[in-house]
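For reference, the structure is listed below as structure tokens.
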Amino acid sequence: MSKINVTPKYQSFQEFYLQQVDPYKQLNPTHIRLDGTMLGSSRKVSAYFWNLKKKWKVDADTYIDRLRVAFEKSEVTYEPFTMKHKRDKKGECLVFKDQPLRNKSFIYIRLVRNSI
């Protein structure tokens, strides 16, 4: 019988970080990304969470330390992200507030279409 993989869903970014990212990092302290690799792109979804009344997906090739920075900011300001349109204007992604756009890479959080 084949294993059924269900992508976890969380009610907030904080819940996602505390229940998935933090335990994963404790079990795998040498991993720098959620997928456990060091290079290459992946559009595999690690998890979904709700933020700004929209459903967002976190790609598996997102860097863990960037999520940690976002979590630490969320403890102070509660909202570490701002929504930005993608270059093709066909979607939105979350980027750090007060961060230059050219340095936004390595955190891949995208809007799930038809999530409302």
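Each chain of the structure tokens is named A, B, ... in the order shown, its residues numbered from 1; ligands are numbered from 1 in display order.
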
- Where does DSSP see strand (DSSP E) in segment 1-100 of chain A, if you list the residues as a list of chain:residue names?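 DSSP-assigned strand (DSSP E) residues in segment 1-100 of chain A: A:Lys9, A:Tyr10, A:Val45, A:Ser46, A:Ala47, A:Tyr48, A:Phe49, A:Trp50, A:Asn51, A:Lys54, A:Lys55, A:Trp56, A:Lys57, A:Val58, A:Asp59, A:Phe81, A:Thr82, A:Met83, A:Lys84, A:His85, A:Glu92, A:Cys93, A:Leu94, A:Val95, A:Phe96.
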
- Message: For the helix (DSSP H, G or I) assignment from backbone DSSP, which residues of chain A qualify? Please present them as a ChimeraX atom specification.
- Response: /A:13-27,64-77,101-103

Restricting the output to N, CA and C atoms, write the selected residues as a CSV table (one decimal), in the first residue's frame.
```
chain,number,residue,atom,x,y,z
A,13,PHE,N,1.6,31.9,10.8
A,13,PHE,CA,3.0,31.7,10.6
A,13,PHE,C,3.7,31.2,11.9
A,14,GLN,N,3.3,31.8,13.0
A,14,GLN,CA,3.9,31.4,14.3
A,14,GLN,C,3.6,29.9,14.6
A,15,GLU,N,2.4,29.5,14.4
A,15,GLU,CA,2.1,28.1,14.6
A,15,GLU,C,2.9,27.2,13.7
A,16,PHE,N,3.0,27.6,12.4
A,16,PHE,CA,3.8,26.8,11.5
A,16,PHE,C,5.3,26.7,11.9
A,17,TYR,N,5.8,27.8,12.4
A,17,TYR,CA,7.2,27.8,12.8
A,17,TYR,C,7.4,26.9,14.1
A,18,LEU,N,6.5,27.1,15.0
A,18,LEU,CA,6.7,26.3,16.3
A,18,LEU,C,6.4,24.8,16.2
A,19,GLN,N,5.5,24.5,15.3
A,19,GLN,CA,5.1,23.1,15.2
A,19,GLN,C,5.8,22.3,14.1
A,20,GLN,N,6.4,23.0,13.1
A,20,GLN,CA,7.1,22.3,12.1
A,20,GLN,C,8.6,22.6,11.9
A,21,VAL,N,8.9,23.9,11.8
A,21,VAL,CA,10.2,24.3,11.6
A,21,VAL,C,11.2,24.1,12.8
A,22,ASP,N,10.7,24.5,13.9
A,22,ASP,CA,11.6,24.4,15.1
A,22,ASP,C,11.9,23.0,15.5
A,23,PRO,N,10.9,22.1,15.5
A,23,PRO,CA,11.2,20.7,15.8
A,23,PRO,C,12.1,20.0,14.7
A,24,TYR,N,11.9,20.4,13.4
A,24,TYR,CA,12.7,19.9,12.3
A,24,TYR,C,14.2,20.3,12.5
A,25,LYS,N,14.4,21.5,12.9
A,25,LYS,CA,15.7,22.1,13.1
A,25,LYS,C,16.4,21.4,14.3
A,26,GLN,N,15.7,21.1,15.3
A,26,GLN,CA,16.2,20.4,16.4
A,26,GLN,C,16.6,19.0,16.1
A,27,LEU,N,15.9,18.3,15.3
A,27,LEU,CA,16.2,16.9,14.9
A,27,LEU,C,17.3,16.9,13.8
A,64,ILE,N,15.9,27.8,6.5
A,64,ILE,CA,15.4,27.8,7.8
A,64,ILE,C,15.8,29.0,8.6
A,65,ASP,N,17.0,29.6,8.4
A,65,ASP,CA,17.4,30.7,9.2
A,65,ASP,C,16.6,32.0,8.8
A,66,ARG,N,16.1,32.1,7.6
A,66,ARG,CA,15.2,33.2,7.2
A,66,ARG,C,13.9,33.0,7.9
A,67,LEU,N,13.4,31.8,8.0
A,67,LEU,CA,12.2,31.6,8.8
A,67,LEU,C,12.3,32.0,10.2
A,68,ARG,N,13.5,31.6,10.8
A,68,ARG,CA,13.8,32.0,12.2
A,68,ARG,C,13.8,33.5,12.4
A,69,VAL,N,14.4,34.2,11.5
A,69,VAL,CA,14.4,35.7,11.5
A,69,VAL,C,13.0,36.2,11.5
A,70,ALA,N,12.2,35.7,10.6
A,70,ALA,CA,10.8,36.1,10.5
A,70,ALA,C,10.0,35.8,11.8
A,71,PHE,N,10.3,34.7,12.3
A,71,PHE,CA,9.6,34.3,13.6
A,71,PHE,C,10.0,35.3,14.7
A,72,GLU,N,11.3,35.6,14.8
A,72,GLU,CA,11.8,36.5,15.8
A,72,GLU,C,11.1,37.9,15.6
A,73,LYS,N,11.0,38.3,14.4
A,73,LYS,CA,10.3,39.6,14.1
A,73,LYS,C,8.9,39.5,14.5
A,74,SER,N,8.3,38.4,14.3
A,74,SER,CA,6.8,38.3,14.5
A,74,SER,C,6.6,38.3,16.0
A,75,GLU,N,7.5,38.0,16.9
A,75,GLU,CA,7.3,38.1,18.3
A,75,GLU,C,7.3,39.5,18.8
A,76,VAL,N,8.0,40.4,18.0
A,76,VAL,CA,8.0,41.8,18.3
A,76,VAL,C,6.9,42.6,17.7
A,77,THR,N,6.7,42.4,16.4
A,77,THR,CA,5.8,43.2,15.6
A,77,THR,C,4.5,42.5,15.2
A,101,LEU,N,14.3,44.7,-1.9
A,101,LEU,CA,13.8,43.7,-2.8
A,101,LEU,C,14.9,42.7,-3.3
A,102,ARG,N,16.1,43.2,-3.6
A,102,ARG,CA,17.1,42.4,-4.2
A,102,ARG,C,17.6,41.3,-3.2
A,103,ASN,N,17.4,41.5,-1.9
A,103,ASN,CA,17.8,40.6,-0.9
A,103,ASN,C,16.7,39.7,-0.4
```

- Write out as a ChimeraX atom specification the residues lying within 9 Å of Val45 of chain A, counting only C-alpha atoms and excluding same-chain residues fewer than 5 positions away. /A:7,57-61

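Put simply, atom CA of Glu92 of chain A is 8.8 Å away from atom CA of Ile109 of chain A.
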
- Message: Could you tell me how far atom CA of Met83 of chain A sits from atom CA of Val95 of chain A, in Å to one decimal place?
- Response: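 Separating atom CA of Val95 of chain A from atom CA of Met83 of chain A is a distance of 6.5 Å.
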
- Message: What does the structure give for the distance between atom CA of Thr62 of chain A and atom CA of Arg33 of chain A, in Å to one decimal?
- Response: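 For atom CA of Thr62 of chain A relative to atom CA of Arg33 of chain A, the distance reads 5.5 Å.
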